[in-house]
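Asker: My structure is stored as structure_4.pdb, with PDB, C-alpha atoms.
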MODEL        1
ATOM      1  CA  MET A   1      96.430  96.957 108.262
ATOM      2  CA  THR A   2      99.932  95.746 109.073
ATOM      3  CA  GLN A   3     101.380  99.229 108.622
ATOM      4  CA  ARG A   4      98.959 100.594 111.237
ATOM      5  CA  ARG A   5     100.016  97.873 113.659
ATOM      6  CA  ILE A   6     103.672  98.680 113.083
ATOM      7  CA  GLU A   7     102.981 102.355 113.750
ATOM      8  CA  ARG A   8     101.619 101.410 117.201
ATOM      9  CA  LEU A   9     105.004 100.012 118.269
ATOM     10  CA  SER A  10     106.989 102.150 120.678
ATOM     11  CA  PRO A  11     110.359 103.381 119.383
ATOM     12  CA  ARG A  12     112.161 100.677 121.388
ATOM     13  CA  GLU A  13     109.762  97.956 120.218
ATOM     14  CA  TYR A  14     110.330  99.106 116.652
ATOM     15  CA  ALA A  15     114.112  98.952 117.113
ATOM     16  CA  VAL A  16     113.875  95.394 118.439
ATOM     17  CA  PHE A  17     111.423  94.432 115.669
ATOM     18  CA  SER A  18     113.646  95.717 112.866
ATOM     19  CA  ARG A  19     116.770  94.077 114.313
ATOM     20  CA  ILE A  20     115.000  90.727 114.724
ATOM     21  CA  ALA A  21     113.786  91.030 111.133
ATOM     22  CA  ARG A  22     117.412  91.490 110.017
ATOM     23  CA  GLY A  23     118.309  88.243 111.764
ATOM     24  CA  GLU A  24     120.131  89.597 114.791
ATOM     25  CA  THR A  25     120.139  87.461 117.924
ATOM     26  CA  LEU A  26     118.536  88.659 121.129
ATOM     27  CA  ALA A  27     121.974  88.849 122.757
ATOM     28  CA  THR A  28     123.317  91.014 119.935
ATOM     29  CA  ILE A  29     120.287  93.286 120.148
ATOM     30  CA  ALA A  30     120.702  93.573 123.925
ATOM     31  CA  ASP A  31     124.358  94.573 123.531
ATOM     32  CA  ALA A  32     123.550  97.111 120.804
ATOM     33  CA  LEU A  33     120.742  98.704 122.808
ATOM     34  CA  GLY A  34     122.542  98.528 126.142
ATOM     35  CA  VAL A  35     119.835  96.512 127.891
ATOM     36  CA  ALA A  36     119.543  93.049 129.418
ATOM     37  CA  GLY A  37     118.611  90.070 127.284
ATOM     38  CA  SER A  38     115.471  89.624 129.361
ATOM     39  CA  THR A  39     114.426  93.165 128.446
ATOM     40  CA  VAL A  40     114.812  92.377 124.748
ATOM     41  CA  SER A  41     112.739  89.226 125.281
ATOM     42  CA  THR A  42     109.999  91.342 126.862
ATOM     43  CA  TYR A  43     110.020  93.756 123.915
ATOM     44  CA  ARG A  44     109.946  90.804 121.513
ATOM     45  CA  SER A  45     106.881  89.388 123.276
ATOM     46  CA  ARG A  46     105.112  92.738 123.022
ATOM     47  CA  VAL A  47     105.977  93.046 119.336
ATOM     48  CA  LEU A  48     104.756  89.526 118.598
ATOM     49  CA  GLU A  49     101.464  90.289 120.324
ATOM     50  CA  LYS A  50     100.947  93.691 118.719
ATOM     51  CA  LEU A  51     101.715  92.378 115.224
ATOM     52  CA  GLY A  52      99.846  89.091 115.639
ATOM     53  CA  ALA A  53     102.950  87.022 114.900
ATOM     54  CA  ASN A  54     104.100  83.737 116.413
ATOM     55  CA  SER A  55     107.798  83.649 115.546
ATOM     56  CA  ASN A  56     110.819  85.652 114.474
ATOM     57  CA  ALA A  57     110.306  84.302 110.956
ATOM     58  CA  GLU A  58     106.825  85.812 110.861
ATOM     59  CA  LEU A  59     108.241  89.113 112.104
ATOM     60  CA  ALA A  60     110.755  89.041 109.250
ATOM     61  CA  VAL A  61     107.995  88.443 106.697
ATOM     62  CA  ILE A  62     105.951  91.320 108.128
ATOM     63  CA  ALA A  63     108.983  93.623 108.121
ATOM     64  CA  HIS A  64     109.902  92.776 104.541
ATOM     65  CA  SER A  65     106.336  93.161 103.261
ATOM     66  CA  ALA A  66     106.013  96.542 105.011
ATOM     67  CA  GLY A  67     109.390  97.755 103.731
ATOM     68  CA  VAL A  68     110.891  97.993 107.209
ATOM     69  CA  VAL A  69     113.885  95.989 106.012
ATOM     70  CA  ARG A  70     114.891  94.987 102.535
ATOM     71  CA  SER A  71     116.384  91.819 101.205
ATOM     72  CA  PRO A  72     119.918  92.215  99.964
ATOM     73  CA  ARG A  73     120.146  92.267  96.210
ATOM     74  CA  ALA A  74     120.823  88.914  94.692
ATOM     75  CA  ARG A  75     124.400  88.676  93.545
ATOM     76  CA  ARG A  76     124.858  87.748  89.972
ATOM     77  CA  ILE A  77     127.147  84.797  89.512
ATOM     78  CA  PRO A  78     129.148  84.946  86.284
ATOM     79  CA  ALA A  79     128.652  82.006  83.962
TER      80      ALA A  79
ENDMDL
END
Would you give me this structure, written as structure tokens?
Answerer:
Amino acid sequence: MTQRRIERLSPREYAVFSRIARGETLATIADALGVAGSTVSTYRSRVLEKLGANSNAELAVIAHSAGVVRSPRARRIPA
């Protein structure tokens, strides 16, 4: 179900979604995409609605569970 919802995102919505899921700020995303911060906020609102999420944290969970982004491998600390 979630994968189908993700597939309905426009390419720009998907770009914003994946960057939010990686923890980037809206300002950083705006700079990277060459758009205004308000534009990124609009895309974020659309993504939240389309994916049925309420926060960036929920977007990150959705992205990780769908394999959109991956958690970095845990570093092994020598004993």
Asker: Nearest to A:Ile6: which of A:Thr28, A:Glu49, A:Thr42, A:Ala36 is it, counting all atoms listed in the file?
Answerer: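 Among the listed residues, A:Glu49 lies closest to A:Ile6.
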Asker: Which residues match the PyMOL selection byres ((chain A and resi 13-23) around 7) in the file above, as a list in words?
Answerer: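 What the PyMOL selection byres ((chain A and resi 13-23) around 7) grabs from the file is Leu9, Ser10, Pro11, Arg12, Glu24, Thr25, Ile29, Tyr43, Arg44, Val47, Asn56, Leu59, Ala60, Ala63, Val68 and Val69 of chain A.
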Asker: What's the 10 Å shell around A:Arg5, counting all atoms listed in the file, without same-chain residues fewer than 6 positions away, as a list in words?
Answerer: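 Residues near the query, excluding close chain neighbours: Val47, Lys50, Leu51 and Gly52 of chain A.
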Asker: Print the selection's residues with C-alpha atoms to a file, as an mmCIF file, keeping the file's coordinate frame.
Answerer:
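Below you can see out-v4.cif, which holds the result:
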data_model
loop_
_atom_site.group_PDB
_atom_site.id
_atom_site.type_symbol
_atom_site.label_atom_id
_atom_site.label_comp_id
_atom_site.auth_asym_id
_atom_site.auth_seq_id
_atom_site.Cartn_x
_atom_site.Cartn_y
_atom_site.Cartn_z
ATOM 1 C CA VAL A 47 105.977 93.046 119.336
ATOM 2 C CA LYS A 50 100.947 93.691 118.719
ATOM 3 C CA LEU A 51 101.715 92.378 115.224
ATOM 4 C CA GLY A 52 99.846 89.091 115.639
#
Asker: Can you measure atom CA of A:Gly34 to atom CA of A:Leu48 for me? One decimal in Å is fine.
Answerer: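 Value for the atom CA of A:Gly34-atom CA of A:Leu48 distance: 21.3 Å.
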Asker: Suppose you want the space between atom CA of A:Gly67 and atom CA of A:Thr2; what is it in Å?
Answerer: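 Pair atom CA of A:Gly67 / atom CA of A:Thr2 returns 11.0 Å.
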Asker: Quick one: residues within 6 Å of A:Gly37, all atoms listed in the file counted, chain neighbours fewer than 3 positions away excluded, as a list of chain:residue names?
Answerer: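 So, after excluding close chain neighbours, the residues are A:Ala27, A:Ala30, A:Val40.
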Asker: Could you state the separation of atom CA of A:His64 and atom CA of A:Ser38 in Å, given to one decimal place?
Answerer: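 Separation of atom CA of A:His64 and atom CA of A:Ser38: 25.6 Å.
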